[in-house]
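Enquirer: Below: one structure in structure tokens.
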Amino acid sequence: MGGLAALAREAGHRVTGCDAGVYPPMSDQLRALGIDLIEGFDADQMALKPDVFVVGNVVSRARLPDGSPKFPLMEAILDQGARYTSGPQWLSEHLLQGRHVLAVAGTHGKTTTTSMLSWVLAQADMKPGFLVGGVPLNFGVSAQLSGPNTPFVIEADEYDTAFFDKRSKFVHYRPRTAILNNLEFDHADIFDNLAAIERQFHHLVRTVPSSGRVVVNGLEESLTRVLAQGCWSELRTFGAAVSDFSAVGPAHDFAVWQQGREVARLRWDLSGQHNQLNALATMAAADHLGVSAAQAAEALGQFQNVKRRMEVRGTVRHVTVIDDFAHHPTAMRTTLEGLRAQLEAQGGAQGQPPRRILAVFEPRSNTMKLGTMKAQLPWALAPADLSFCHTGGLDWDAAAALAPLNTEPAKPIAFTAPSIDALVQQVAQAAQAGDQIVCMSNGGFGGIHAKLLAALGSAAK
């Protein structure tokens, strides 16, 4: 919603907003744009008398234990018959009409791939607009409108649109180019099973015109099932050995093959096969607009990633604290595997053992809070040397879920703590020079990054 507010402001609208507990980097971006943000959802905001209320999917008709509405402003909007709409619908009707929309969908990598594709098109002088669920470091903002006849790249989320529109957000965007990056079960609060999500992805495929292109990860059986339901557009695949766009070599330095011949080489600092796949998806989508793989690879070589994607927050006592948005078990695993491969390569080049990885995470997404994927946590955290879990607010036993990691009772490697302060103390006491501490959460994580750096600094005195 913050990115949408930025686009509306750029389009010439006066914009205000309300939310609860907004955290950086979005709070910083809104402040820099001069967009007033009101804390809470009080009904007295009706006095602002806006032309329209754009309602995000955090808003519901829920009631508090005392019976009062959780979102009094929404009740007032309904009672007074004020005009309201959802964010995706407002965006589609007011900003996306007539533009070549490139939509990036998938369980993982949407933000990074949307940022990559926006950067590649910008470097090709196409002046794209974009809306990203993070802040790409190459741009410094999460959204940019650009001109009405330029392409528009959008992060296309399968989560539902609003409490009054239970369709996935991405069905509103009407893309001409659609990336299906991957597909796993997630959002257990709104989807019963993987088949239900596959059905929503097929709704997206149905909206792509016959002159459009669907770019699909050839490694994903779930996406094969989606396409089996019907595809009416040009199809391009990536990732598999036999696909339109494939890669040969390690994730940080690899050859790009397009339809059976080498066309480019990409060298960059990003780690992990997931980023290699993100790059291939980007190339396949950019190719639809005439950008060659060689041009795309050159631009991606200058790609600086996204805030909160393996973002180094500081180093104290030769211990590095990293912030990452990973919150699904697969995303956690691929993030840690990518860092592990990078550290092993560095250690081998220097003739030293690889540095340790300390994984610090909070099960914060609705799916993780429900405990739906708790059995996958030992697998997700296996690449780390030590793991630390914040258990505040959980209704399931995280210690029991992580117990398979503690194969040697005398030398436990997985720990839990009920508060952020207790977690910080655990991690700071365990940290050694050279360690990489990766903090994984899709929220602010209680400011743990600064607290860890402070605790490490105090330990050095």
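Chain identifiers are assigned as A, B, and so on, following the order in which chains appear in the structure tokens; residues are numbered from 1 within each chain, and ligands are numbered from 1 in order of appearance.
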As a count of residues only, list the residues of stretch 46-187 of chain A assigned to alpha helix (DSSP H) by DSSP on the backbone atoms of this structure.
Expert: 28
Enquirer: Residues of stretch 27-145 of chain A within 12 Å of stretch 201-217 of chain A: nearest atom pair and distance (Å, one decimal) for each, counting only C-alpha atoms, sorted by chain and number, as JSON lines?
Expert:
```
{"residue": "A:His100", "atom": "CA", "partner": "A:Gly212", "partner_atom": "CA", "distance": 9.5}
{"residue": "A:Val101", "atom": "CA", "partner": "A:Val208", "partner_atom": "CA", "distance": 10.0}
{"residue": "A:Leu102", "atom": "CA", "partner": "A:Arg213", "partner_atom": "CA", "distance": 9.4}
{"residue": "A:Ala103", "atom": "CA", "partner": "A:Leu204", "partner_atom": "CA", "distance": 9.5}
{"residue": "A:Val104", "atom": "CA", "partner": "A:Val215", "partner_atom": "CA", "distance": 9.3}
{"residue": "A:Ala105", "atom": "CA", "partner": "A:Phe201", "partner_atom": "CA", "distance": 8.3}
{"residue": "A:Gly106", "atom": "CA", "partner": "A:Phe201", "partner_atom": "CA", "distance": 8.8}
{"residue": "A:Thr107", "atom": "CA", "partner": "A:Phe201", "partner_atom": "CA", "distance": 10.7}
{"residue": "A:His108", "atom": "CA", "partner": "A:Asn217", "partner_atom": "CA", "distance": 11.8}
{"residue": "A:Gly109", "atom": "CA", "partner": "A:Asn217", "partner_atom": "CA", "distance": 12.0}
```
Enquirer: Could you write out that same residue set with N, CA and C atoms as a compact mmCIF listing (two decimals), in the first residue's frame?
Expert:
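That gives us out.txt:
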```
# COMPACT_ATOMS: atom_id res chain seq x y z
N HIS A 100 1.93 -1.71 -21.22
CA HIS A 100 2.41 -3.09 -21.28
C HIS A 100 2.82 -3.47 -19.86
N VAL A 101 1.97 -4.26 -19.22
CA VAL A 101 2.22 -4.66 -17.83
C VAL A 101 3.00 -5.97 -17.82
N LEU A 102 4.07 -5.99 -17.04
CA LEU A 102 4.85 -7.21 -16.82
C LEU A 102 4.66 -7.59 -15.36
N ALA A 103 3.99 -8.72 -15.11
CA ALA A 103 3.64 -9.12 -13.75
C ALA A 103 4.52 -10.28 -13.31
N VAL A 104 5.06 -10.19 -12.10
CA VAL A 104 5.96 -11.21 -11.57
C VAL A 104 5.26 -11.93 -10.42
N ALA A 105 4.89 -13.19 -10.65
CA ALA A 105 4.19 -13.98 -9.65
C ALA A 105 5.07 -15.13 -9.19
N GLY A 106 4.77 -15.66 -8.00
CA GLY A 106 5.52 -16.79 -7.47
C GLY A 106 5.51 -16.78 -5.96
N THR A 107 5.72 -17.93 -5.37
CA THR A 107 5.78 -18.01 -3.91
C THR A 107 7.01 -17.29 -3.38
N HIS A 108 8.12 -17.40 -4.11
CA HIS A 108 9.37 -16.78 -3.68
C HIS A 108 9.95 -15.92 -4.81
N GLY A 109 10.72 -14.93 -4.42
CA GLY A 109 11.50 -14.17 -5.39
C GLY A 109 10.76 -13.09 -6.15
```
Enquirer: Between A:Val153, A:Met116, A:Val248, A:Gln273, single out the one closest to A:Ala297, counting only C-alpha atoms.
Expert: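 Among the listed residues, A:Met116 lies closest to A:Ala297.
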Enquirer: Quick one: of A:Asp28, A:Glu298, A:Asp79, A:Asp186, who's nearest to A:Val141, counting only C-alpha atoms?
Expert: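 Distance minimum relative to A:Val141 lands on A:Asp28.
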Enquirer: For A:Asn278, please output as a ChimeraX atom specification all residues within 12 Å (counting only C-alpha atoms; exclusion window: fewer than 6 positions along the same chain).
Expert: /A:104-106,108-117,179-182,215-217,238-239,245-247,251,270-272,284-285,297,300,305
Enquirer: Could you please take those selected residues and save C-alpha atoms as an mmCIF file, in the first residue's frame?
Expert:
```
data_model
loop_
_atom_site.group_PDB
_atom_site.id
_atom_site.type_symbol
_atom_site.label_atom_id
_atom_site.label_comp_id
_atom_site.auth_asym_id
_atom_site.auth_seq_id
_atom_site.Cartn_x
_atom_site.Cartn_y
_atom_site.Cartn_z
ATOM 1 C CA VAL A 104 5.963 -11.207 -11.572
ATOM 2 C CA ALA A 105 4.188 -13.982 -9.646
ATOM 3 C CA GLY A 106 5.519 -16.789 -7.471
ATOM 4 C CA HIS A 108 9.372 -16.785 -3.684
ATOM 5 C CA GLY A 109 11.503 -14.167 -5.394
ATOM 6 C CA LYS A 110 8.746 -11.804 -6.523
ATOM 7 C CA THR A 111 10.320 -8.689 -5.030
ATOM 8 C CA THR A 112 13.828 -9.462 -6.240
ATOM 9 C CA THR A 113 12.746 -10.467 -9.745
ATOM 10 C CA THR A 114 10.461 -7.434 -10.113
ATOM 11 C CA SER A 115 13.393 -5.247 -9.108
ATOM 12 C CA MET A 116 15.734 -7.017 -11.541
ATOM 13 C CA LEU A 117 13.312 -6.673 -14.438
ATOM 14 C CA ILE A 179 6.391 -14.520 -14.960
ATOM 15 C CA LEU A 180 5.453 -17.621 -12.976
ATOM 16 C CA ASN A 181 8.615 -17.898 -10.918
ATOM 17 C CA ASN A 182 7.736 -20.875 -8.696
ATOM 18 C CA VAL A 215 7.393 -17.110 -18.639
ATOM 19 C CA VAL A 216 7.460 -20.284 -16.538
ATOM 20 C CA ASN A 217 9.991 -22.010 -14.301
ATOM 21 C CA PHE A 238 13.599 -21.192 -17.903
ATOM 22 C CA GLY A 239 15.703 -23.082 -15.388
ATOM 23 C CA PHE A 245 16.603 -19.883 -21.019
ATOM 24 C CA SER A 246 19.040 -21.937 -18.948
ATOM 25 C CA ALA A 247 22.287 -21.437 -17.041
ATOM 26 C CA ALA A 251 25.234 -18.773 -9.263
ATOM 27 C CA LEU A 270 24.423 -12.284 -5.555
ATOM 28 C CA SER A 271 24.492 -15.789 -4.132
ATOM 29 C CA GLY A 272 22.194 -18.791 -4.463
ATOM 30 C CA ALA A 284 12.967 -14.257 -20.646
ATOM 31 C CA ALA A 285 10.539 -11.451 -19.784
ATOM 32 C CA ALA A 297 23.202 -9.713 -18.310
ATOM 33 C CA LEU A 300 22.143 -7.417 -13.984
ATOM 34 C CA ASN A 305 19.589 -6.208 -4.806
#
```
Enquirer: Which residues are near A:Asn406? Cut-off 12 Å, only C-alpha atoms, ignore same chain within fewer than 5 positions. Put them as number ranges by chain.
Expert: A: 378, 381-382, 385-387, 399-401, 411-415
Enquirer: Counting only C-alpha atoms, which residue out of A:Cys389, A:Phe130, A:Leu183, A:Ile190 sits closest to A:Glu220?
Expert: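 Using only C-alpha atoms, A:Glu220 sits closest to A:Leu183.
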Enquirer: Near A:Phe361, counting only C-alpha atoms, which residues have an atom at most 12 Å away, once you skip same-chain residues fewer than 3 positions from it, shown as JSON, numbers by chain?
Expert: {"A": [322, 323, 324, 325, 326, 327, 328, 329, 332, 336, 358, 364, 365, 368, 377, 380, 381, 384, 386, 387, 388, 389, 390, 391, 392, 398, 414, 415, 416, 417, 420, 423, 424, 427, 437, 438, 439, 440, 441, 442, 443, 444, 445, 446, 448, 449]}
Enquirer: Mind the document's chain letters and residue numbers, and return as a ChimeraX atom specification the residues of stretch 83-206 of chain A that DSSP labels strand (DSSP E or B).
Expert: /A:84-86,101-105,129-131,136,143-144,152-155,160-162,165-168,177-180
Enquirer: Residues as selected, C-alpha atoms, written as a PDB file, in the first residue's frame, can you do that?
Expert:
```pdb
ATOM      1  CA  TYR A  84     -14.066   2.726  -1.316  1.00  0.00           C
ATOM      2  CA  THR A  85     -12.109   0.293  -3.461  1.00  0.00           C
ATOM      3  CA  SER A  86      -9.159  -2.084  -3.172  1.00  0.00           C
ATOM      4  CA  VAL A 101       2.224  -4.656 -17.829  1.00  0.00           C
ATOM      5  CA  LEU A 102       4.851  -7.209 -16.822  1.00  0.00           C
ATOM      6  CA  ALA A 103       3.643  -9.119 -13.747  1.00  0.00           C
ATOM      7  CA  VAL A 104       5.963 -11.207 -11.572  1.00  0.00           C
ATOM      8  CA  ALA A 105       4.188 -13.982  -9.646  1.00  0.00           C
ATOM      9  CA  GLY A 129       7.134   2.287 -14.166  1.00  0.00           C
ATOM     10  CA  PHE A 130       7.224  -0.250 -11.359  1.00  0.00           C
ATOM     11  CA  LEU A 131       5.653  -1.289  -8.077  1.00  0.00           C
ATOM     12  CA  PRO A 136      15.360  -1.789  -4.861  1.00  0.00           C
ATOM     13  CA  ALA A 143       7.443   2.581  -6.879  1.00  0.00           C
ATOM     14  CA  GLN A 144       7.762   4.794  -9.917  1.00  0.00           C
ATOM     15  CA  PHE A 152       5.028  -1.153 -16.057  1.00  0.00           C
ATOM     16  CA  VAL A 153       6.575  -3.924 -13.946  1.00  0.00           C
ATOM     17  CA  ILE A 154       4.571  -5.095 -10.952  1.00  0.00           C
ATOM     18  CA  GLU A 155       5.011  -7.600  -8.154  1.00  0.00           C
ATOM     19  CA  ASP A 160      -6.430 -12.104  -1.574  1.00  0.00           C
ATOM     20  CA  THR A 161      -7.271  -8.555  -2.606  1.00  0.00           C
ATOM     21  CA  ALA A 162      -9.413  -7.264   0.280  1.00  0.00           C
ATOM     22  CA  ASP A 165     -12.763  -9.164  -2.800  1.00  0.00           C
ATOM     23  CA  LYS A 166     -11.305 -12.604  -2.146  1.00  0.00           C
ATOM     24  CA  ARG A 167      -9.685 -12.977  -5.561  1.00  0.00           C
ATOM     25  CA  SER A 168      -5.899 -12.946  -5.738  1.00  0.00           C
ATOM     26  CA  THR A 177       3.984 -10.530 -19.918  1.00  0.00           C
ATOM     27  CA  ALA A 178       3.595 -12.799 -16.889  1.00  0.00           C
ATOM     28  CA  ILE A 179       6.391 -14.520 -14.960  1.00  0.00           C
ATOM     29  CA  LEU A 180       5.453 -17.621 -12.976  1.00  0.00           C
TER      30      LEU A 180
END
```
Enquirer: Which residue gives the smallest distance to A:Gln304 among A:Val120, A:Ala8, A:Ala228, A:Val171, with only C-alpha atoms counted?
Expert: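 Among the listed residues, the smallest separation from A:Gln304 belongs to A:Val120.
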Enquirer: Considering only C-alpha atoms, can you say which of A:Asp397, A:Glu93, A:Asp36, A:Asp435 comes closest to A:Leu343?
Expert: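 Distance minimum relative to A:Leu343 lands on A:Asp435.
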Enquirer: Quick one: pull the distance between atom CA of A:Gly434 and atom CA of A:Arg309, Å, one decimal.
Expert: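 Separation of atom CA of A:Gly434 and atom CA of A:Arg309: 20.3 Å.
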Enquirer: What separation in Å, quoted to one decimal, exists between atom CA of A:Leu266 and atom CA of A:Val135?
Expert: 22.9 Å
Enquirer: Under the rule that only C-alpha atoms are counted, which of A:Arg14, A:Arg340, A:Arg176, A:Arg356 is the nearest residue to A:Gly34?
Expert: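 Of the candidates, the smallest distance to A:Gly34 is held by A:Arg14.
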